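Next comes query.cif, with mmCIF, C-alpha atoms.
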data_upload
#
loop_
_atom_site.label_atom_id
_atom_site.label_comp_id
_atom_site.auth_asym_id
_atom_site.auth_seq_id
_atom_site.Cartn_x
_atom_site.Cartn_y
_atom_site.Cartn_z
CA MET A 1 4.37 -7.31 -0.05
CA PRO A 2 5.15 -10.98 -0.15
CA ASP A 3 7.53 -10.85 2.81
CA THR A 4 4.72 -10.90 5.32
CA VAL A 5 2.59 -13.70 6.60
CA GLU A 6 -0.84 -13.45 8.16
CA ARG A 7 -1.87 -15.40 11.21
CA TYR A 8 -5.31 -15.26 12.72
CA GLU A 9 -5.66 -15.11 16.46
CA THR A 10 -8.59 -15.46 18.79
CA LEU A 11 -8.27 -12.03 20.22
CA SER A 12 -11.61 -11.37 21.72
CA ALA A 13 -13.05 -12.02 25.10
CA GLN A 14 -16.40 -11.96 23.35
CA PRO A 15 -16.23 -14.37 20.43
CA VAL A 16 -19.32 -14.34 18.28
CA GLU A 17 -20.93 -17.71 17.63
CA GLU A 18 -22.47 -16.94 14.26
CA PHE A 19 -19.12 -16.10 12.73
CA THR A 20 -17.22 -19.12 13.97
CA ASP A 21 -17.92 -21.10 10.80
CA ARG A 22 -15.75 -18.77 8.76
CA PRO A 23 -12.75 -20.51 7.25
CA GLU A 24 -10.25 -18.46 9.17
CA SER A 25 -10.01 -18.33 12.91
CA THR A 26 -10.83 -14.68 13.27
CA ALA A 27 -12.15 -13.01 16.39
CA TYR A 28 -14.41 -10.06 17.00
CA PHE A 29 -15.28 -7.72 19.78
CA HIS A 30 -18.03 -5.26 20.40
CA PRO A 31 -17.04 -1.63 20.20
CA PRO A 32 -18.49 -0.19 23.39
CA ILE A 33 -20.90 2.21 21.77
CA ALA A 34 -24.47 2.11 22.97
CA GLY A 35 -26.95 1.06 20.33
CA GLN A 36 -24.33 0.46 17.68
CA ALA A 37 -23.77 -3.16 16.78
CA ARG A 38 -20.82 -3.00 14.44
CA TRP A 39 -18.33 -5.79 14.31
CA ILE A 40 -14.63 -5.35 13.96
CA THR A 41 -12.28 -8.03 12.78
CA VAL A 42 -8.86 -8.08 14.36
CA ARG A 43 -6.01 -10.05 12.96
CA LEU A 44 -2.26 -9.82 13.10
CA THR A 45 0.15 -9.65 10.22
CA ALA A 46 3.78 -10.30 10.93
CA PRO A 47 7.06 -10.27 9.07
CA GLN A 48 7.83 -13.69 7.68
CA SER A 49 10.47 -14.68 10.17
CA SER A 50 11.02 -16.49 13.38
CA ALA A 51 10.36 -13.22 15.18
CA TRP A 52 6.69 -13.98 14.90
CA GLU A 53 6.99 -17.09 17.00
CA THR A 54 8.96 -15.17 19.59
CA TYR A 55 6.29 -12.50 19.65
CA ARG A 56 3.48 -14.98 20.11
CA LEU A 57 5.05 -16.30 23.27
CA THR A 58 5.26 -12.94 24.96
CA ALA A 59 2.68 -10.57 23.56
CA PRO A 60 -0.84 -10.00 24.81
CA THR A 61 -3.44 -10.78 22.18
CA VAL A 62 -6.64 -9.38 23.67
CA PRO A 63 -7.33 -5.78 22.69
CA VAL A 64 -8.45 -3.23 25.25
CA SER A 65 -12.17 -2.55 25.38
CA TRP A 66 -11.89 0.98 24.00
CA ALA A 67 -10.04 0.01 20.84
CA GLY A 68 -13.18 -0.42 18.76
CA ASP A 69 -14.53 2.96 19.79
CA VAL A 70 -11.31 4.72 18.84
CA PHE A 71 -11.18 2.87 15.54
CA LEU A 72 -14.71 3.95 14.69
CA ARG A 73 -13.90 7.54 15.58
CA LEU A 74 -10.96 7.52 13.18
CA HIS A 75 -13.31 6.21 10.51
CA ARG A 76 -15.75 8.99 11.19
CA PHE A 77 -13.06 11.68 11.05
CA ARG A 78 -12.10 10.35 7.65
CA GLU A 79 -15.64 10.92 6.41
CA TYR A 80 -16.01 14.45 7.77
CA PRO A 81 -17.30 16.87 5.15
CA LYS A 82 -15.21 19.77 3.99
CA ASN A 83 -15.44 22.75 6.37
CA TRP A 84 -16.77 20.47 9.12
CA ASP A 85 -15.71 22.92 11.82
CA SER A 86 -16.87 26.03 9.90
CA TYR A 87 -13.22 27.13 9.81
CA GLY A 88 -12.34 25.34 6.60
CA GLY A 89 -11.61 22.07 8.37
CA ARG A 90 -10.49 19.06 6.35
CA ALA A 91 -11.31 15.42 6.88
CA LEU A 92 -8.58 13.22 8.28
CA THR A 93 -6.03 12.75 5.50
CA THR A 94 -5.09 9.30 4.29
CA ALA A 95 -1.56 9.69 5.66
CA ALA A 96 -2.83 10.79 9.08
CA TYR A 97 -5.40 8.02 9.14
CA LEU A 98 -2.83 5.35 8.38
CA SER A 99 -0.42 6.68 11.01
CA ALA A 100 -3.20 6.89 13.60
CA TYR A 101 -4.30 3.37 12.70
CA ASP A 102 -0.73 2.18 13.13
CA PHE A 103 -0.45 3.96 16.47
CA LEU A 104 -3.70 2.42 17.67
CA GLY A 105 -2.28 -0.99 16.76
CA ARG A 106 0.75 -0.26 18.92
CA ILE A 107 -1.24 0.61 22.05
CA MET A 108 -4.42 -1.46 21.84
CA PHE A 109 -2.95 -4.62 23.40
CA ARG A 110 -1.68 -2.89 26.51
CA PRO A 111 -3.74 -1.97 29.56
CA PHE A 112 -3.59 1.77 28.94
CA PRO A 113 -6.51 4.07 29.74
CA LYS A 114 -8.70 5.26 26.91
CA PRO A 115 -7.37 8.33 25.12
CA ALA A 116 -9.42 11.28 23.96
CA VAL A 117 -9.11 11.35 20.18
CA VAL A 118 -9.74 14.68 18.51
CA PRO A 119 -9.41 15.75 14.90
CA THR A 120 -7.47 18.85 13.94
CA GLY A 121 -8.81 21.24 11.37
CA ARG A 122 -5.89 20.66 9.02
CA GLY A 123 -6.56 16.96 8.57
CA GLY A 124 -4.51 15.54 11.42
CA VAL A 125 -5.57 13.92 14.67
CA GLN A 126 -4.49 14.00 18.30
CA PHE A 127 -4.55 11.33 21.01
CA GLU A 128 -4.66 12.79 24.52
CA TRP A 129 -4.44 11.53 28.08
CA HIS A 130 -4.93 13.93 30.97
CA LEU A 131 -4.79 11.83 34.12
CA LYS A 132 -3.09 11.80 37.50
CA GLY A 133 -1.46 15.15 36.90
CA SER A 134 0.14 14.00 33.66
CA HIS A 135 -0.66 15.37 30.23
CA VAL A 136 0.31 13.23 27.27
CA GLU A 137 -0.41 14.16 23.67
CA VAL A 138 0.39 12.32 20.48
CA TYR A 139 -0.12 14.61 17.51
CA ILE A 140 -0.34 13.05 14.06
CA SER A 141 0.10 15.60 11.31
CA PRO A 142 -1.79 15.61 7.98
CA GLU A 143 1.41 14.22 6.45
CA GLY A 144 1.31 11.29 8.87
CA ASN A 145 4.22 12.32 11.11
CA SER A 146 3.75 11.56 14.81
CA GLU A 147 5.01 13.78 17.63
CA VAL A 148 4.71 13.09 21.35
CA SER A 149 4.64 15.70 24.09
CA PHE A 150 4.51 15.13 27.83
CA GLU A 151 4.26 17.35 30.86
CA ASP A 152 3.15 16.84 34.42
CA ASP A 153 2.10 19.02 37.30
CA LEU A 154 5.55 18.66 38.87
CA GLY A 155 7.13 20.57 36.00
CA SER A 156 8.62 17.67 34.12
CA GLU A 157 8.28 17.80 30.35
CA TRP A 158 9.72 16.28 27.20
CA ASP A 159 8.73 15.79 23.57
CA GLY A 160 9.94 14.23 20.34
CA PRO A 161 9.06 12.14 17.30
CA LEU A 162 7.15 9.00 18.23
CA ASP A 163 9.76 6.64 16.83
CA GLN A 164 12.42 8.21 19.05
CA VAL A 165 10.46 8.49 22.29
CA ALA A 166 8.15 5.48 21.99
CA HIS A 167 9.77 3.77 24.97
CA ARG A 168 9.19 6.84 27.15
CA LEU A 169 5.60 7.10 25.98
CA ILE A 170 4.93 3.45 26.79
CA ALA A 171 6.41 3.90 30.25
CA VAL A 172 4.32 6.99 30.97
CA LEU A 173 1.07 5.46 29.72
CA GLY A 174 1.74 2.40 31.81
CA ASN A 175 1.65 4.56 34.93
CA LEU A 176 -1.61 6.34 34.19
CA MET N 1 14.23 13.27 -19.46
CA SER N 2 14.68 9.64 -20.43
CA SER N 3 17.82 10.17 -22.53
CA GLY N 4 20.50 7.68 -21.70
CA LEU N 5 18.08 5.09 -20.43
CA PRO N 6 18.82 1.46 -21.26
CA GLN N 7 16.66 0.34 -24.20
CA PHE N 8 15.55 -3.15 -25.22
CA ARG N 9 13.84 -4.30 -28.38
CA LYS N 10 12.25 -7.30 -26.67
CA PRO N 11 11.86 -6.47 -22.97
CA PRO N 12 10.18 -9.16 -20.85
CA VAL N 13 7.52 -6.74 -19.64
CA ASN N 14 4.25 -8.47 -18.91
CA GLU N 15 2.36 -5.68 -17.14
CA VAL N 16 2.73 -1.97 -16.43
CA ILE N 17 0.59 -0.30 -13.78
CA LEU N 18 0.22 3.44 -13.27
CA SER N 19 -1.63 3.96 -10.00
CA SER N 20 -2.70 7.27 -8.52
CA GLN N 21 -4.18 7.54 -5.05
CA PHE N 22 -6.11 10.55 -3.76
CA GLU N 23 -8.06 11.58 -0.70
CA PRO N 24 -11.33 9.60 -0.74
CA LEU N 25 -14.22 11.10 -2.68
CA SER N 26 -16.63 10.46 0.17
CA LEU N 27 -19.69 11.33 -1.91
CA MET N 28 -18.84 8.81 -4.60
CA ARG N 29 -21.02 5.71 -4.70
CA ALA N 30 -21.05 2.66 -6.94
CA VAL N 31 -23.68 4.26 -9.17
CA HIS N 32 -21.30 7.14 -9.92
CA ILE N 33 -18.66 4.71 -11.16
CA GLY N 34 -21.35 3.16 -13.33
CA ALA N 35 -22.26 6.57 -14.72
CA PHE N 36 -18.60 7.25 -15.46
CA TRP N 37 -18.32 3.91 -17.23
CA GLU N 38 -21.05 5.02 -19.62
CA GLN N 39 -18.70 7.77 -20.76
CA VAL N 40 -15.80 5.43 -21.54
CA ARG N 41 -17.78 2.38 -22.50
CA ASN N 42 -16.74 2.47 -26.15
CA GLU N 43 -13.08 2.04 -25.20
CA TYR N 44 -13.73 -0.27 -22.24
CA PRO N 45 -16.81 -2.33 -23.02
CA ARG N 46 -16.26 -4.97 -20.30
CA THR N 47 -16.41 -4.55 -16.51
CA GLU N 48 -15.56 -6.55 -13.41
CA GLU N 49 -16.16 -5.83 -9.73
CA HIS N 50 -13.36 -6.22 -7.19
CA PRO N 51 -12.86 -5.28 -3.54
CA PRO N 52 -11.27 -1.86 -3.10
CA LEU N 53 -7.56 -1.68 -2.47
CA ASP N 54 -6.51 -0.43 0.95
CA PRO N 55 -4.85 2.98 1.03
CA ALA N 56 -1.06 2.94 1.18
CA ILE N 57 1.37 5.72 1.98
CA GLU N 58 5.13 5.37 2.04
CA MET N 59 6.49 6.68 5.33
CA PHE N 60 10.14 7.53 5.83
CA GLY N 61 12.31 8.10 8.85
CA ALA N 62 13.25 5.67 11.56
CA PRO N 63 13.01 2.05 10.39
CA ARG N 64 9.92 0.20 11.51
CA LEU N 65 10.30 -2.25 14.31
CA LEU N 66 9.97 -5.92 13.54
CA ARG N 67 6.58 -6.45 15.08
CA PRO N 68 3.22 -7.76 14.01
CA GLU N 69 0.85 -5.32 12.44
CA VAL N 70 -2.75 -5.17 13.51
CA ARG N 71 -5.49 -5.15 10.97
CA LEU N 72 -8.95 -3.94 11.91
CA GLU N 73 -11.90 -4.11 9.58
CA LEU N 74 -15.52 -3.09 9.89
CA VAL N 75 -17.32 -6.28 9.00
CA ASP N 76 -20.67 -4.65 8.29
CA GLN N 77 -19.31 -1.78 6.25
CA ILE N 78 -20.66 -1.59 2.71
CA LYS N 79 -17.67 -0.67 0.62
CA VAL N 80 -17.86 0.96 -2.78
CA PRO N 81 -16.23 -1.59 -5.06
CA ARG N 82 -13.25 -1.16 -7.33
CA ILE N 83 -14.48 -1.42 -10.88
CA TRP N 84 -12.33 -2.83 -13.64
CA MET N 85 -13.09 -1.44 -17.10
CA LEU N 86 -11.48 -3.51 -19.84
CA ASP N 87 -11.07 -3.21 -23.58
CA THR N 88 -12.16 -6.12 -25.75
CA SER N 89 -8.74 -7.79 -25.59
CA GLY N 90 -8.34 -7.34 -21.84
CA ALA N 91 -4.94 -5.73 -22.36
CA GLN N 92 -6.06 -2.20 -21.49
CA LEU N 93 -7.51 -1.94 -18.03
CA LEU N 94 -8.82 1.11 -16.19
CA GLN N 95 -9.59 0.70 -12.48
CA ILE N 96 -11.66 3.17 -10.47
CA GLN N 97 -12.44 3.26 -6.75
CA THR N 98 -13.27 6.14 -4.42
CA ASP N 99 -9.61 6.96 -3.79
CA ARG N 100 -7.72 5.53 -6.77
CA LEU N 101 -7.46 5.66 -10.53
CA ILE N 102 -5.25 2.96 -12.00
CA GLN N 103 -4.28 2.37 -15.61
CA ASN N 104 -2.87 -1.03 -16.59
CA TRP N 105 -1.43 -2.48 -19.72
CA ARG N 106 -0.89 -6.22 -19.59
CA GLN N 107 -0.20 -9.16 -21.78
CA VAL N 108 -3.14 -11.51 -22.06
CA ASN N 109 -2.19 -15.20 -22.18
CA GLY N 110 1.37 -14.17 -22.90
CA VAL N 111 0.35 -12.44 -26.11
CA GLY N 112 0.73 -8.78 -27.04
CA ALA N 113 3.74 -6.58 -27.66
CA TYR N 114 4.55 -4.04 -24.96
CA PRO N 115 3.27 -0.73 -26.38
CA ARG N 116 5.93 1.20 -24.40
CA TYR N 117 5.69 3.62 -21.51
CA PRO N 118 4.63 6.76 -23.43
CA PHE N 119 1.55 4.93 -24.69
CA VAL N 120 0.45 3.74 -21.23
CA ARG N 121 1.20 7.18 -19.77
CA ALA N 122 -0.98 8.80 -22.44
CA GLN N 123 -3.75 6.32 -21.64
CA PHE N 124 -3.54 7.26 -17.96
CA GLU N 125 -3.67 10.96 -18.81
CA GLN N 126 -6.69 10.48 -21.02
CA SER N 127 -8.53 8.42 -18.40
CA TYR N 128 -7.74 10.87 -15.63
CA ASN N 129 -8.92 13.88 -17.63
CA ALA N 130 -12.23 12.15 -18.34
CA PHE N 131 -12.59 11.16 -14.68
CA GLU N 132 -11.75 14.64 -13.41
CA ARG N 133 -14.40 16.17 -15.68
CA PHE N 134 -16.92 13.63 -14.41
CA VAL N 135 -16.11 14.27 -10.76
CA ALA N 136 -16.51 18.01 -11.28
CA SER N 137 -19.77 17.68 -13.19
CA GLU N 138 -21.23 15.45 -10.47
CA HIS N 139 -19.96 17.71 -7.65
CA LEU N 140 -18.19 14.81 -5.97
CA GLY N 141 -15.41 16.96 -4.55
CA GLU N 142 -11.86 17.83 -5.47
CA ILE N 143 -9.24 15.27 -6.40
CA THR N 144 -6.26 15.73 -4.09
CA PHE N 145 -3.51 13.27 -4.93
CA ASN N 146 -1.54 11.85 -2.02
CA GLN N 147 0.44 8.95 -3.51
CA CYS N 148 1.55 7.49 -6.84
CA GLU N 149 2.86 4.10 -7.78
CA LEU N 150 4.44 2.81 -10.96
CA THR N 151 4.91 -0.94 -11.29
CA TYR N 152 6.59 -3.08 -13.95
CA ILE N 153 6.05 -6.82 -13.85
CA ASN N 154 8.45 -8.86 -15.94
CA HIS N 155 8.14 -12.51 -16.92
CA ILE N 156 11.63 -13.86 -17.50
CA LEU N 157 11.30 -17.05 -19.48
CA PRO N 158 13.92 -19.73 -20.21
CA SER N 159 16.26 -19.00 -23.11
CA ALA N 160 19.66 -20.02 -24.40
CA VAL N 161 21.02 -18.49 -21.19
CA TRP N 162 19.08 -20.50 -18.62
CA GLU N 163 16.59 -23.32 -18.40
CA SER N 164 16.31 -24.14 -14.70
CA HIS N 165 15.71 -21.99 -11.62
CA SER N 166 19.02 -23.27 -10.29
CA GLN N 167 20.70 -21.04 -12.89
CA ILE N 168 19.46 -17.87 -11.22
CA GLY N 169 22.99 -16.50 -11.32
CA GLU N 170 22.79 -16.43 -15.12
CA VAL N 171 19.77 -14.12 -14.91
CA PHE N 172 20.46 -11.80 -12.01
CA ALA N 173 23.76 -9.99 -11.76
CA PHE N 174 23.79 -9.73 -7.97
CA TRP N 175 23.51 -13.49 -7.49
CA ASN N 176 27.00 -14.93 -7.24
CA PRO N 177 26.91 -18.66 -8.02
CA THR N 178 30.42 -19.11 -6.57
CA TYR N 179 29.72 -17.45 -3.25
CA THR N 180 31.09 -20.34 -1.26
CA GLU N 181 34.23 -22.39 -1.40
CA THR N 182 32.14 -25.49 -0.70
CA PRO N 183 29.83 -26.44 -3.55
CA LEU N 184 26.21 -26.33 -2.40
CA PRO N 185 23.28 -28.12 -3.96
CA LEU N 186 21.62 -26.14 -6.70
CA GLN N 187 18.82 -23.88 -5.61
CA GLU N 188 15.38 -25.30 -6.15
CA ALA N 189 13.59 -22.01 -5.64
CA ALA N 190 14.40 -18.44 -4.70
CA THR N 191 12.56 -15.39 -3.42
CA VAL N 192 14.25 -12.02 -3.12
CA THR N 193 12.76 -8.74 -1.94
CA THR N 194 14.49 -5.45 -1.40
CA ARG N 195 13.32 -1.97 -0.48
CA THR N 196 15.30 1.13 -1.37
CA VAL N 197 14.66 4.75 -0.41
CA LEU N 198 15.07 6.97 -3.47
CA LYS N 199 16.30 10.57 -3.36
CA ASN N 200 16.02 13.24 -6.01
CA GLU N 201 18.82 15.52 -7.26
CA SER N 202 18.51 17.85 -4.28
CA GLY N 203 18.77 14.99 -1.81
CA ALA N 204 15.11 15.07 -0.81
CA THR N 205 13.27 11.78 -0.42
CA PHE N 206 11.42 10.94 -3.61
CA GLY N 207 9.91 7.54 -2.95
CA ARG N 208 10.67 3.92 -2.27
CA LEU N 209 11.62 1.21 -4.77
CA HIS N 210 10.24 -2.25 -4.05
CA LEU N 211 11.98 -5.07 -5.89
CA SER N 212 10.67 -8.60 -5.82
CA ILE N 213 11.98 -11.73 -7.54
CA GLN N 214 10.21 -15.06 -7.36
CA SER N 215 10.96 -18.34 -9.07
CA VAL N 216 7.62 -19.65 -10.31
CA TYR N 217 6.10 -21.90 -12.92
CA ARG N 218 3.92 -20.41 -15.63
CA LEU N 219 0.44 -21.86 -15.92
CA PRO N 220 -0.84 -23.86 -17.63
CA ASP N 221 2.32 -25.15 -19.33
CA GLU N 222 4.45 -25.12 -16.12
CA VAL N 223 7.43 -23.53 -17.82
CA PRO N 224 9.89 -22.24 -15.18
CA MET N 225 9.94 -18.48 -14.98
CA PHE N 226 11.36 -15.68 -12.87
CA LEU N 227 8.84 -13.06 -11.87
CA LEU N 228 10.59 -9.72 -11.46
CA SER N 229 8.45 -6.92 -10.07
CA LEU N 230 9.75 -3.38 -9.74
CA ALA N 231 7.52 -0.78 -8.12
CA VAL N 232 8.19 2.80 -7.05
CA ARG N 233 5.77 4.46 -4.67
CA GLY N 234 5.80 7.94 -3.20
CA ALA N 235 4.13 11.32 -3.02
CA PRO N 236 3.39 13.20 -6.25
CA ALA N 237 6.16 15.52 -7.43
CA GLY N 238 3.76 18.48 -7.40
CA ASP N 239 0.12 19.47 -7.47
CA GLY N 240 -2.47 17.91 -9.73
CA LEU N 241 -1.95 15.76 -12.77
CA PRO N 242 1.43 17.31 -13.74
CA GLY N 243 2.84 16.28 -10.36
CA VAL N 244 1.61 12.73 -10.83
CA LEU N 245 3.01 12.45 -14.34
CA GLU N 246 6.35 13.85 -13.24
CA PHE N 247 6.47 11.23 -10.51
CA PHE N 248 5.74 8.48 -13.03
CA ASP N 249 8.48 9.74 -15.35
CA ARG N 250 11.08 9.74 -12.59
CA ALA N 251 9.89 6.40 -11.26
CA ARG N 252 10.18 4.89 -14.72
CA GLU N 253 13.80 6.01 -14.94
CA TRP N 254 14.57 4.33 -11.62
CA ILE N 255 12.80 1.16 -12.67
CA VAL N 256 14.47 0.89 -16.08
CA ARG N 257 17.93 1.57 -14.68
CA THR N 258 17.37 -0.88 -11.83
CA PHE N 259 16.15 -3.52 -14.25
CA ALA N 260 19.30 -3.15 -16.34
CA THR N 261 21.47 -3.20 -13.21
CA VAL N 262 20.09 -6.32 -11.58
CA THR N 263 19.96 -8.44 -14.74
CA THR N 264 22.98 -9.90 -16.52
CA SER N 265 24.46 -8.78 -19.82
CA LYS N 266 23.74 -12.25 -21.18
CA MET N 267 20.04 -11.65 -20.61
CA HIS N 268 20.35 -8.18 -22.13
CA GLU N 269 21.45 -9.89 -25.33
CA VAL N 270 18.36 -12.08 -25.24
CA TRP N 271 16.20 -8.98 -24.82
CA GLU N 272 18.16 -7.23 -27.59
CA ARG N 273 19.51 -4.29 -25.67
CA TYR N 274 20.58 -1.51 -28.05
CA ALA N 275 21.30 1.43 -25.78
#

Give the structure from this file in structure tokens form.
Amino acid sequence: MPDTVERYETLSAQPVEEFTDRPESTAYFHPPIAGQARWITVRLTAPQSSAWETYRLTAPTVPVSWAGDVFLRLHRFREYPKNWDSYGGRALTTAAYLSAYDFLGRIMFRPFPKPAVVPTGRGGVQFEWHLKGSHVEVYISPEGNSEVSFEDDLGSEWDGPLDQVAHRLIAVLGNL
Amino acid sequence: MSSGLPQFRKPPVNEVILSSQFEPLSLMRAVHIGAFWEQVRNEYPRTEEHPPLDPAIEMFGAPRLLRPEVRLELVDQIKVPRIWMLDTSGAQLLQIQTDRLIQNWRQVNGVGAYPRYPFVRAQFEQSYNAFERFVASEHLGEITFNQCELTYINHILPSAVWESHSQIGEVFAFWNPTYTETPLPLQEAATVTTRTVLKNESGATFGRLHLSIQSVYRLPDEVPMFLLSLAVRGAPAGDGLPGVLEFFDRAREWIVRTFATVTTSKMHEVWERYA
């Protein structure tokens, strides 16, 4: 839509020399996968408003090292063949992929630990953290809806749609 | 279904786009699109290659936060292109990529009478049926639709009603030229975008209407013009082709009614409204 504006940021701690002659100031980072030299472009798109300038002053712009790996996994899930799990499993649906991609964009600039990312047989995907006695799961349905559930070894638990509990999720992940 | 819709003898429609999106046909390669083109080559003798469109799904619920979006791309990924297949005039356009089939009608160099929605819809149906047969015969998988989009692009040219962008209030009914008690300088340019969630008769979410108005200058003659784009995007109304066509029919009703609502009765006279 025309109400957005793109800005290119130097996001990477590992800028690549051979790409620096491109017209836009784009940055790249290595996905940490052994033997796999795939490049990923990262750029930010923001609403066309002064909010962008405010954001630039406060937001981190270097992605975490595991972001590329998770992104590639989502790509692979999308290319899974039909019946990939021998139980009639479906590839990641477009709606689930886009929601997972959006979620990754929300967490990849914060110093959170790497999640386990697992596909579900119905075409959804789940992000999981099981650390320090806490168990956090973000389930993205084949329709693209995101649900968060949390429990810890002390008996505390809560859940809810991502948009409603995002602040709680961010707080929990920040403590892992 | 379309009874009671506003009707115009000379609507300013410049382009109509019927777009269907489906789960990617992961086995489809560029050569398959070429093989399909052989089957429709008589109707669409010209081709062009374009980058594939990114997938898009309308999501509903809590409003999105005002925050930058992140875009990640695999630089070394070889993408199957989007192929344009055009008729000799360039007015009829069929676009194929691994997860979309798009049918366009468009004016070329401002020439060509709008053949009306039923014609473009029939073209889409014909193209899809041919494509579905091809996909089945090549064992490329099943087509599972996940999103549809109907877009009308209107070129609103100067007339007896207006001649300068500053007269935007003569064209669009929601623009009140006397909105202030202090006269302001005339507007040099204007851009308006709105998004509206649409519900069906039962109250369920049907899709989202994207309206966009831009004051522009037509090239190459630099005549001032308002570009009015109306697009409705959402999930198909049911399974398979019938669900897609039903979505298009409903979307068209929303678009036509919205067009008549946001434009002034003076402009309706220019476009010869008769219903």

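Considering only C-alpha atoms, the residue among N:Ile156, N:Val256, N:Leu230, N:Val80 positioned nearest to N:Leu53 is N:Val80.
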
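Nearest-residue note for chain A: choosing from N:Thr261, N:Thr196, N:Asn176, N:Thr191, the minimum distance belongs to N:Thr191, counting all atoms listed in the file.
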
Adding 5 Å on each side of the box along x, y and z that holds all listed atoms of stretch 7-25 of chain N, could you give its centre and edge lengths in Å to one decimal, as lines of an AutoDock Vina configuration file?
center_x = 1.2
center_y = 1.2
center_z = -14.5
size_x = 40.9
size_y = 30.7
size_z = 37.7

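Near N:His139, within 12 Å and counting only C-alpha atoms, sit Leu25, Ser26, Leu27, Met28, His32, Glu132, Arg133 and Phe134 of chain N, not including residues fewer than 5 positions from it in the same chain.
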
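Going from atom CA of N:Glu170 over to atom CA of N:Leu219, you cover 23.0 Å.
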
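Put simply, the PyMOL selection byres ((chain N and resi 264) around 9) in this file takes in N:Gly169, N:Glu170, N:Val171, N:Phe172, N:Ala173, N:Phe174, N:Ala260, N:Thr261, N:Val262, N:Thr263, N:Ser265, N:Lys266, N:Met267, N:His268, N:Glu269.
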
Item to complete: Write out as a PyMOL selection string the residues lying within 8 Å of stretch 132-134 of chain A, counting all atoms listed in the file and excluding same-chain residues fewer than 3 positions away.
Response: chain A and resi 129+150-153+176

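The space separating atom CA of A:Ser146 from atom CA of N:Arg250 comes to 28.4 Å.
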
Item to complete: Please provide as a count of residues only all residues within 10 Å of N:Gln167, with the sequence filter that same-chain residues fewer than 5 positions apart are discarded (counting all atoms listed in the file).
Response: 8

Do you know which residues the PyMOL selection byres ((chain N and resi 95-101) around 9) returns on this file, as a PDB file with C-alpha atoms, in the coordinates of the input?
ATOM      1  CA  LEU N  18       0.220   3.440 -13.270  1.00  0.00           C
ATOM      2  CA  SER N  19      -1.630   3.960 -10.000  1.00  0.00           C
ATOM      3  CA  SER N  20      -2.700   7.270  -8.520  1.00  0.00           C
ATOM      4  CA  GLN N  21      -4.180   7.540  -5.050  1.00  0.00           C
ATOM      5  CA  PHE N  22      -6.110  10.550  -3.760  1.00  0.00           C
ATOM      6  CA  GLU N  23      -8.060  11.580  -0.700  1.00  0.00           C
ATOM      7  CA  PRO N  24     -11.330   9.600  -0.740  1.00  0.00           C
ATOM      8  CA  LEU N  25     -14.220  11.100  -2.680  1.00  0.00           C
ATOM      9  CA  SER N  26     -16.630  10.460   0.170  1.00  0.00           C
ATOM     10  CA  LEU N  27     -19.690  11.330  -1.910  1.00  0.00           C
ATOM     11  CA  MET N  28     -18.840   8.810  -4.600  1.00  0.00           C
ATOM     12  CA  ARG N  29     -21.020   5.710  -4.700  1.00  0.00           C
ATOM     13  CA  ALA N  30     -21.050   2.660  -6.940  1.00  0.00           C
ATOM     14  CA  ILE N  33     -18.660   4.710 -11.160  1.00  0.00           C
ATOM     15  CA  PRO N  52     -11.270  -1.860  -3.100  1.00  0.00           C
ATOM     16  CA  LEU N  53      -7.560  -1.680  -2.470  1.00  0.00           C
ATOM     17  CA  PRO N  55      -4.850   2.980   1.030  1.00  0.00           C
ATOM     18  CA  VAL N  80     -17.860   0.960  -2.780  1.00  0.00           C
ATOM     19  CA  PRO N  81     -16.230  -1.590  -5.060  1.00  0.00           C
ATOM     20  CA  ARG N  82     -13.250  -1.160  -7.330  1.00  0.00           C
ATOM     21  CA  ILE N  83     -14.480  -1.420 -10.880  1.00  0.00           C
ATOM     22  CA  TRP N  84     -12.330  -2.830 -13.640  1.00  0.00           C
ATOM     23  CA  MET N  85     -13.090  -1.440 -17.100  1.00  0.00           C
ATOM     24  CA  LEU N  86     -11.480  -3.510 -19.840  1.00  0.00           C
ATOM     25  CA  LEU N  93      -7.510  -1.940 -18.030  1.00  0.00           C
ATOM     26  CA  LEU N  94      -8.820   1.110 -16.190  1.00  0.00           C
ATOM     27  CA  ILE N 102      -5.250   2.960 -12.000  1.00  0.00           C
ATOM     28  CA  GLN N 103      -4.280   2.370 -15.610  1.00  0.00           C
ATOM     29  CA  ASN N 104      -2.870  -1.030 -16.590  1.00  0.00           C
ATOM     30  CA  PHE N 124      -3.540   7.260 -17.960  1.00  0.00           C
ATOM     31  CA  SER N 127      -8.530   8.420 -18.400  1.00  0.00           C
ATOM     32  CA  TYR N 128      -7.740  10.870 -15.630  1.00  0.00           C
ATOM     33  CA  PHE N 131     -12.590  11.160 -14.680  1.00  0.00           C
ATOM     34  CA  ILE N 143      -9.240  15.270  -6.400  1.00  0.00           C
ATOM     35  CA  PHE N 145      -3.510  13.270  -4.930  1.00  0.00           C
TER      36      PHE N 145
END

Worksheet entry | All residues 9 Å or closer to stretch 242-248 of chain N, only C-alpha atoms, same chain fewer than 3 positions away omitted, as an NGL selection string | :N and (18 or 20 or 121 or 125 or 145 or 147-150 or 206 or 232-239 or 251-253)

Residue neighbourhood A:His130, 9 Å, all atoms listed in the file, exclusion window fewer than 6 positions, as a compact mmCIF listing (two decimals) with C-alpha atoms, keeping the file's coordinate frame:
# COMPACT_ATOMS: atom_id res chain seq x y z
CA PRO A 115 -7.37 8.33 25.12
CA ALA A 116 -9.42 11.28 23.96
CA VAL A 136 0.31 13.23 27.27
CA GLU A 137 -0.41 14.16 23.67
CA LEU A 176 -1.61 6.34 34.19
